[in-house]
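Chemist: Here you go, this is coords20.cif (mmCIF, C-alpha atoms).
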```
data_work
#
loop_
_atom_site.label_atom_id
_atom_site.label_comp_id
_atom_site.auth_asym_id
_atom_site.auth_seq_id
_atom_site.Cartn_x
_atom_site.Cartn_y
_atom_site.Cartn_z
CA MET A 16 0.00 0.00 0.00
CA HIS A 17 2.79 2.43 0.84
CA MET A 18 4.38 1.74 -2.54
CA GLN A 19 1.10 2.38 -4.36
CA ILE A 20 0.56 5.66 -2.49
CA GLU A 21 4.12 6.86 -3.03
CA ASN A 22 3.84 6.14 -6.75
CA GLY A 23 0.64 8.09 -7.25
CA ALA A 24 -2.20 5.59 -7.16
CA GLU A 25 -5.39 7.53 -6.47
CA ALA A 26 -7.47 4.68 -5.08
CA VAL A 27 -7.31 1.01 -4.18
CA ILE A 28 -9.93 -1.71 -4.66
CA VAL A 29 -10.17 -3.97 -1.61
CA GLY A 30 -11.46 -7.50 -2.08
CA GLY A 31 -11.85 -7.41 -5.85
CA THR A 32 -10.97 -10.37 -8.05
CA THR A 33 -7.29 -9.46 -7.81
CA GLY A 34 -7.61 -9.19 -4.02
CA GLU A 35 -9.39 -12.55 -3.87
CA GLY A 36 -12.62 -11.24 -2.37
CA GLN A 37 -14.31 -14.30 -3.86
CA LEU A 38 -12.28 -16.53 -1.52
CA MET A 39 -13.08 -14.56 1.66
CA SER A 40 -15.92 -14.83 4.09
CA TRP A 41 -17.92 -11.60 4.31
CA ASP A 42 -16.55 -11.05 7.84
CA GLU A 43 -12.98 -11.23 6.54
CA HIS A 44 -13.91 -9.07 3.56
CA ILE A 45 -15.44 -6.23 5.59
CA MET A 46 -12.65 -6.42 8.17
CA LEU A 47 -10.08 -5.95 5.40
CA ILE A 48 -11.94 -2.92 4.04
CA GLY A 49 -12.06 -1.37 7.51
CA HIS A 50 -8.41 -2.17 8.17
CA THR A 51 -7.37 -0.54 4.88
CA VAL A 52 -9.41 2.57 5.66
CA ASN A 53 -7.93 2.76 9.17
CA CYS A 54 -4.33 2.43 7.97
CA PHE A 55 -4.38 4.29 4.64
CA GLY A 56 -7.72 6.06 4.20
CA GLY A 57 -6.21 9.46 4.82
CA SER A 58 -3.78 9.05 1.90
CA ILE A 59 -5.76 7.14 -0.71
CA LYS A 60 -9.39 6.46 -1.61
CA VAL A 61 -10.53 3.01 -0.47
CA ILE A 62 -13.11 1.33 -2.71
CA GLY A 63 -14.67 -1.82 -1.30
CA ASN A 64 -15.80 -4.56 -3.63
CA THR A 65 -19.15 -5.22 -1.97
CA GLY A 66 -20.95 -6.51 -5.04
CA SER A 67 -22.65 -9.89 -5.20
CA ASN A 68 -24.92 -11.93 -7.42
CA SER A 69 -27.39 -11.77 -4.54
CA THR A 70 -28.95 -8.34 -4.16
CA ARG A 71 -29.59 -9.06 -0.48
CA GLU A 72 -25.90 -9.79 0.09
CA ALA A 73 -24.82 -6.76 -1.94
CA ILE A 74 -27.05 -4.48 0.14
CA HIS A 75 -25.82 -5.89 3.45
CA ALA A 76 -22.13 -5.87 2.49
CA THR A 77 -22.36 -2.34 1.12
CA GLU A 78 -24.02 -1.08 4.30
CA GLN A 79 -21.20 -2.65 6.30
CA GLY A 80 -18.52 -1.33 3.95
CA PHE A 81 -19.70 2.26 4.27
CA ALA A 82 -20.09 1.77 8.03
CA VAL A 83 -16.38 0.91 8.33
CA GLY A 84 -15.41 3.94 6.26
CA MET A 85 -14.93 2.97 2.63
CA HIS A 86 -15.13 5.91 0.24
CA ALA A 87 -16.97 4.09 -2.55
CA ALA A 88 -18.35 0.68 -3.51
CA LEU A 89 -17.56 -1.45 -6.54
CA HIS A 90 -20.55 -3.38 -7.87
CA ILE A 91 -20.61 -6.13 -10.46
CA ASN A 92 -23.75 -7.35 -12.22
CA PRO A 93 -25.18 -10.64 -10.90
CA TYR A 94 -23.11 -13.49 -12.35
CA TYR A 95 -23.91 -17.18 -12.89
CA GLY A 96 -27.51 -16.76 -11.67
CA LYS A 97 -28.01 -14.04 -14.25
CA THR A 98 -31.06 -11.80 -14.35
CA SER A 99 -32.94 -9.78 -16.98
CA LEU A 100 -31.91 -6.27 -18.01
CA ASP A 101 -34.76 -4.87 -15.93
CA GLY A 102 -33.42 -6.98 -13.08
CA LEU A 103 -29.97 -5.42 -13.52
CA ILE A 104 -31.48 -1.94 -13.16
CA SER A 105 -33.36 -2.98 -10.02
CA HIS A 106 -30.21 -4.58 -8.59
CA PHE A 107 -28.11 -1.44 -9.08
CA ASP A 108 -30.95 0.84 -7.92
CA SER A 109 -30.94 -1.13 -4.64
CA VAL A 110 -27.34 -0.24 -3.80
CA LEU A 111 -26.78 3.15 -5.46
CA PRO A 112 -28.58 5.17 -2.75
CA MET A 113 -26.01 4.06 -0.15
CA GLY A 114 -23.08 6.06 -1.48
CA PRO A 115 -20.59 6.59 -4.32
CA THR A 116 -20.60 3.57 -6.61
CA ILE A 117 -18.50 2.24 -9.49
CA ILE A 118 -20.26 -0.32 -11.68
CA TYR A 119 -17.98 -3.01 -13.09
CA ASN A 120 -18.70 -4.59 -16.46
CA VAL A 121 -16.61 -7.69 -17.20
CA PRO A 122 -18.64 -10.16 -19.31
CA SER A 123 -15.75 -12.64 -19.48
CA ARG A 124 -16.28 -13.27 -15.75
CA THR A 125 -20.01 -12.67 -15.30
CA GLY A 126 -21.28 -14.18 -18.55
CA GLN A 127 -23.44 -11.12 -19.18
CA ASP A 128 -22.72 -7.72 -20.68
CA ILE A 129 -24.19 -4.63 -19.01
CA PRO A 130 -25.50 -2.81 -22.09
CA PRO A 131 -25.39 0.97 -22.45
CA HIS A 132 -29.10 1.47 -21.92
CA VAL A 133 -28.79 -0.02 -18.43
CA ILE A 134 -25.89 2.29 -17.60
CA ASN A 135 -27.67 5.30 -19.05
CA ASN A 136 -30.65 4.48 -16.85
CA VAL A 137 -28.74 4.12 -13.57
CA ALA A 138 -26.52 7.10 -14.47
CA GLN A 139 -29.42 9.28 -13.37
CA SER A 140 -28.32 8.57 -9.80
CA PRO A 141 -25.93 11.21 -8.40
CA ASN A 142 -24.08 8.37 -6.63
CA LEU A 143 -22.84 6.76 -9.85
CA ALA A 144 -19.15 7.66 -9.70
CA GLY A 145 -18.38 5.87 -12.97
CA ILE A 146 -17.90 2.59 -14.80
CA LYS A 147 -15.05 0.11 -14.88
CA GLU A 148 -15.46 -1.11 -18.45
CA CYS A 149 -13.84 -4.21 -19.95
CA VAL A 150 -15.79 -4.55 -23.20
CA GLY A 151 -13.43 -2.28 -25.13
CA ASN A 152 -12.52 1.23 -26.12
CA ASP A 153 -15.46 1.80 -28.47
CA ARG A 154 -17.82 1.22 -25.54
CA ILE A 155 -15.71 3.51 -23.36
CA GLU A 156 -15.95 6.31 -25.90
CA GLN A 157 -19.71 5.80 -26.13
CA TYR A 158 -19.95 6.61 -22.41
CA THR A 159 -17.35 9.35 -22.18
CA GLY A 160 -19.02 11.10 -25.11
CA ASN A 161 -22.14 11.30 -22.94
CA GLY A 162 -20.27 12.64 -19.91
CA ILE A 163 -20.07 9.36 -17.96
CA VAL A 164 -16.77 8.76 -16.13
CA VAL A 165 -15.05 5.53 -17.21
CA TRP A 166 -11.97 3.68 -16.06
CA SER A 167 -10.53 1.07 -18.40
CA GLY A 168 -10.60 -2.43 -16.98
CA ASN A 169 -8.13 -3.77 -19.54
CA ASP A 170 -4.46 -3.03 -18.91
CA ASP A 171 -3.51 -3.91 -22.48
CA GLN A 172 -5.96 -1.29 -23.85
CA CYS A 173 -5.73 1.36 -21.16
CA HIS A 174 -3.17 3.64 -22.86
CA ASP A 175 -5.38 4.10 -25.90
CA ALA A 176 -8.50 4.24 -23.71
CA ARG A 177 -6.99 7.14 -21.78
CA TRP A 178 -5.52 9.15 -24.62
CA SER A 179 -7.82 8.37 -27.56
CA HIS A 180 -11.20 7.41 -26.09
CA GLY A 181 -11.70 9.69 -23.09
CA ALA A 182 -11.14 7.30 -20.18
CA THR A 183 -10.30 8.90 -16.83
CA GLY A 184 -7.70 6.23 -16.06
CA VAL A 185 -7.42 2.51 -15.38
CA ILE A 186 -8.33 0.14 -12.57
CA SER A 187 -5.22 -1.92 -13.02
CA VAL A 188 -3.76 -5.30 -12.19
CA THR A 189 -0.32 -4.36 -13.50
CA SER A 190 -0.13 -1.37 -11.16
CA ASN A 191 0.27 -3.82 -8.29
CA LEU A 192 3.74 -4.50 -9.73
CA VAL A 193 4.81 -1.24 -11.42
CA PRO A 194 2.65 1.57 -9.99
CA GLY A 195 4.97 4.38 -11.05
CA LEU A 196 5.05 3.27 -14.67
CA MET A 197 1.27 2.84 -14.77
CA ARG A 198 0.86 6.30 -13.30
CA GLU A 199 3.13 7.69 -16.01
CA LEU A 200 1.16 5.79 -18.66
CA MET A 201 -2.10 7.36 -17.46
CA PHE A 202 -1.01 10.90 -16.59
CA GLY A 203 2.29 11.57 -18.34
CA GLY A 204 0.84 12.14 -21.80
CA LYS A 205 0.53 9.86 -24.78
CA ASN A 206 3.45 7.44 -24.67
CA PRO A 207 3.32 4.55 -27.18
CA SER A 208 6.89 3.51 -26.37
CA LEU A 209 6.16 3.04 -22.66
CA ASN A 210 2.98 1.18 -23.56
CA ALA A 211 4.97 -1.14 -25.84
CA LYS A 212 7.52 -1.66 -23.05
CA LEU A 213 4.78 -2.76 -20.63
CA LEU A 214 2.77 -4.99 -22.97
CA PRO A 215 4.98 -8.10 -22.56
CA LEU A 216 4.53 -7.85 -18.78
CA ILE A 217 0.77 -7.40 -19.16
CA GLU A 218 0.57 -10.39 -21.50
CA TRP A 219 2.57 -12.45 -18.99
CA LEU A 220 0.23 -11.47 -16.16
CA PHE A 221 -2.87 -12.55 -18.06
CA GLN A 222 -1.70 -15.82 -19.62
CA GLU A 223 -3.73 -17.52 -16.89
CA PRO A 224 -6.79 -16.06 -15.15
CA ASN A 225 -5.99 -13.20 -12.78
CA PRO A 226 -4.72 -13.28 -10.00
CA VAL A 227 -2.61 -16.38 -10.74
CA GLY A 228 0.16 -14.44 -12.51
CA LEU A 229 0.13 -11.51 -10.10
CA ASN A 230 0.32 -13.71 -7.00
CA THR A 231 3.24 -15.59 -8.53
CA ALA A 232 5.03 -12.34 -9.37
CA LEU A 233 4.54 -10.81 -5.92
CA ALA A 234 5.97 -13.96 -4.35
CA GLN A 235 8.97 -13.84 -6.69
CA LEU A 236 9.56 -10.20 -5.75
CA GLY A 237 9.45 -11.04 -2.05
CA VAL A 238 6.45 -8.74 -1.49
CA ALA A 239 3.95 -11.48 -0.61
CA ARG A 240 4.50 -14.86 0.96
CA PRO A 241 4.32 -17.74 -1.54
CA VAL A 242 1.05 -19.01 -0.09
CA PHE A 243 -1.85 -19.65 -2.47
CA ARG A 244 -5.45 -20.13 -1.46
CA LEU A 245 -6.86 -22.82 -3.71
CA PRO A 246 -8.10 -23.00 -6.41
CA TYR A 247 -5.24 -20.64 -7.35
CA VAL A 248 -1.85 -22.23 -7.97
CA PRO A 249 1.43 -20.59 -9.02
CA LEU A 250 2.62 -20.36 -12.59
CA PRO A 251 5.04 -23.15 -13.59
CA LEU A 252 8.80 -22.88 -13.41
CA GLU A 253 9.38 -21.84 -17.02
CA LYS A 254 6.91 -18.96 -16.62
CA ARG A 255 8.63 -17.84 -13.43
CA VAL A 256 11.92 -17.73 -15.32
CA GLU A 257 10.20 -15.54 -17.94
CA PHE A 258 9.13 -13.14 -15.18
CA VAL A 259 12.69 -12.80 -13.89
CA ASN A 260 13.76 -11.81 -17.39
CA LEU A 261 10.90 -9.31 -17.72
CA VAL A 262 11.93 -7.66 -14.46
CA LYS A 263 15.49 -7.31 -15.74
CA GLU A 264 14.30 -5.84 -19.06
CA ILE A 265 11.94 -3.31 -17.50
CA GLY A 266 14.23 -2.55 -14.56
CA ARG A 267 14.00 -3.90 -11.02
CA GLU A 268 13.78 -0.32 -9.71
CA ASN A 269 10.35 0.06 -11.34
CA PHE A 270 8.82 -2.86 -9.44
CA VAL A 271 7.46 -2.97 -5.92
CA GLY A 272 9.59 -4.40 -3.14
CA LYS A 273 13.27 -4.22 -2.40
CA ASN A 274 14.44 -7.82 -2.65
CA ASP A 275 16.08 -9.33 -5.72
CA VAL A 276 13.60 -11.11 -7.95
CA GLN A 277 13.82 -14.90 -7.61
CA VAL A 278 12.62 -17.83 -9.69
CA LEU A 279 11.57 -19.84 -6.59
CA ASP A 280 11.33 -23.61 -6.52
CA ASP A 281 8.03 -25.44 -6.76
CA ASP A 282 8.56 -26.58 -3.17
CA ASP A 283 8.70 -22.95 -1.99
CA PHE A 284 4.96 -22.53 -2.63
CA ILE A 285 2.30 -23.55 -0.14
CA LEU A 286 -1.20 -24.38 -1.37
CA VAL A 287 -3.99 -23.99 1.18
CA GLY A 288 -7.44 -25.53 0.83
CA ARG A 289 -8.71 -24.87 4.36
CA TYR A 290 -8.12 -21.52 5.99
#
```
For the structure just supplied, provide its representation as structure tokens.

Modeler:
Amino acid sequence: MHMQIENGAEAVIVGGTTGEGQLMSWDEHIMLIGHTVNCFGGSIKVIGNTGSNSTREAIHATEQGFAVGMHAALHINPYYGKTSLDGLISHFDSVLPMGPTIIYNVPSRTGQDIPPHVINNVAQSPNLAGIKECVGNDRIEQYTGNGIVVWSGNDDQCHDARWSHGATGVISVTSNLVPGLMRELMFGGKNPSLNAKLLPLIEWLFQEPNPVGLNTALAQLGVARPVFRLPYVPLPLEKRVEFVNLVKEIGRENFVGKNDVQVLDDDDFILVGRY
């Protein structure tokens, strides 16, 4: 967290997919939001992922999240047990009155796109802070052209989203590793060469579903212990060697942590099924 703040991150998502909110109990989830607010809330905006495919759970978790001090909520559309488009509007209308809200559209995970007419409907609420959009830059421009704030949800597209399609910034996985470079990519002006420099790292991170790559990288950098909550498992040895080379190419000084990057042996990782 200190490294993110020092390198210019404006906000942090607590308990999102990257932060493994899906593997936490709600008690653990809300505790972590409150802990983050208590430790860092004066220096950075804390956004709690309190969304759920159950509207009842989303309402309860969001009430608790705001009660422990989060600045905004992140809400996904109901996944797996999908609903109708009218149901989506009712779901979001149930949580929007509680406080500032970012709606997250990621059809690859939910199995359902949130179409523009749903967003345009709920955008009437003054509490809609914006959209985290993963469908692509054409969709982003459709919203930004209508005055809706959008953050790119795709690291590999975020440079063009920011500088050519009106995005405010990015809600980023890669920033967990290289926050300063991602800050420069978003606020330092159009920079195709920096974008090209980062793309191999981004591709490496997403070769398996997030957060598998990120957790592996943080362990290799000595920032996080090499403990994986199942069903996540580390990337194999040859991919860990690739990461060491990427760190050398981009520059160790640009990555979080202070230890030398290591390949790590398979036996260094601990996989936990009960916790």

Chemist: Residues of stretch 74-185 of chain A within 7 Å of stretch 60-66 of chain A: nearest atom pair and distance (Å, one decimal) for each, counting all atoms listed in the file, sorted by chain and number, as CSV?

Modeler:
```
residue,atom,partner,partner_atom,distance
A:Ala76,CA,A:Thr65,CA,5.4
A:Thr77,CA,A:Thr65,CA,5.3
A:Gly80,CA,A:Gly63,CA,6.5
A:Met85,CA,A:Val61,CA,5.4
A:His86,CA,A:Val61,CA,5.5
A:Ala87,CA,A:Ile62,CA,4.7
A:Ala88,CA,A:Gly63,CA,5.0
A:Leu89,CA,A:Asn64,CA,4.6
A:His90,CA,A:Gly66,CA,4.2
A:Ile91,CA,A:Gly66,CA,5.4
```

Chemist: Would you work out the distance separating atom CA of A:Asn260 from atom CA of A:Asp275, expressed in Å to one decimal?

Modeler: 12.2 Å

Chemist: Nearest to A:Glu35: which of A:Ala211, A:Leu261, A:Val227, A:Ile146 is it, counting only C-alpha atoms?

Modeler: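 Checking each of A:Ala211, A:Leu261, A:Val227, A:Ile146 against A:Glu35, counting only C-alpha atoms, the winner is A:Val227.
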
Chemist: I'd like the interatomic distance between atom CA of A:Pro226 and atom CA of A:Ile285, to a tenth of an Å.

Modeler: 15.9 Å

Chemist: For a test of reading the model, state the distance in Å between atom CA of A:Pro207 and atom CA of A:Arg177, rounded to one decimal.

Modeler: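 Calculated distance between atom CA of A:Pro207 and atom CA of A:Arg177 is 11.9 Å.
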
Chemist: I'd like to see the residues matched by the PyMOL selection byres ((chain A and resi 38) around 12) on this file, and ideally I'd get them as a PyMOL selection string.

Modeler: chain A and resi 30-37+39-44+226+243-247+287-290

Chemist: With a distance cut-off of 12 Å and only C-alpha atoms, select the neighbouring residues of A:Phe55, excluding the residue or stretch itself and same-chain residues fewer than 5 positions from it, and output the selection as a PyMOL selection string.

Modeler: chain A and resi 16-21+25-27+29+47-50+60-62+84-86

Chemist: Can you work out which one of A:Phe258, A:Phe107, A:Tyr95, A:Tyr158 has the shortest atom-to-atom distance to A:Ala176, counting all atoms listed in the file?

Modeler: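 Among the listed residues, A:Tyr158 lies closest to A:Ala176.
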
Chemist: From the set A:Ser179, A:Asp281, A:Ile129, A:Thr189, which residue has the shortest atom-to-atom contact distance to A:Lys205, counting only C-alpha atoms?

Modeler: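 Looking only at the distances to A:Lys205, the closest residue turns out to be A:Ser179.
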
Chemist: Report as a list in words the residues that result from applying the PyMOL selection byres ((chain A and resi 69) around 12) to the structure here.

Modeler: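 Expected selection for the PyMOL selection byres ((chain A and resi 69) around 12) here is Thr65, Gly66, Ser67, Asn68, Thr70, Arg71, Glu72, Ala73, Ile74, His75, Ala76, His90, Ile91, Asn92, Pro93, Tyr94, Tyr95, Gly96, Lys97, Thr98, Gly102, Leu103, Ser105, His106, Phe107, Ser109 and Val110 of chain A.
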
Chemist: Quick check on the file I pasted: which residues fall under the PyMOL selection byres ((chain A and resi 192-203) around 6)? Write them as a list of chain:residue names.

Modeler: A:Gln19, A:Asn22, A:Gly184, A:Thr189, A:Ser190, A:Asn191, A:Gly204, A:Asn269, A:Phe270, A:Val271

Chemist: Output as lines of an AutoDock Vina configuration file the centre and edge lengths (Å, one decimal) of the box along x, y and z of the file that holds every listed atom of stretch 23-26 of chain A after adding 3 Å on each side.

Modeler:
```
center_x = -3.4
center_y = 6.4
center_z = -6.2
size_x = 14.1
size_y = 9.4
size_z = 8.2
```
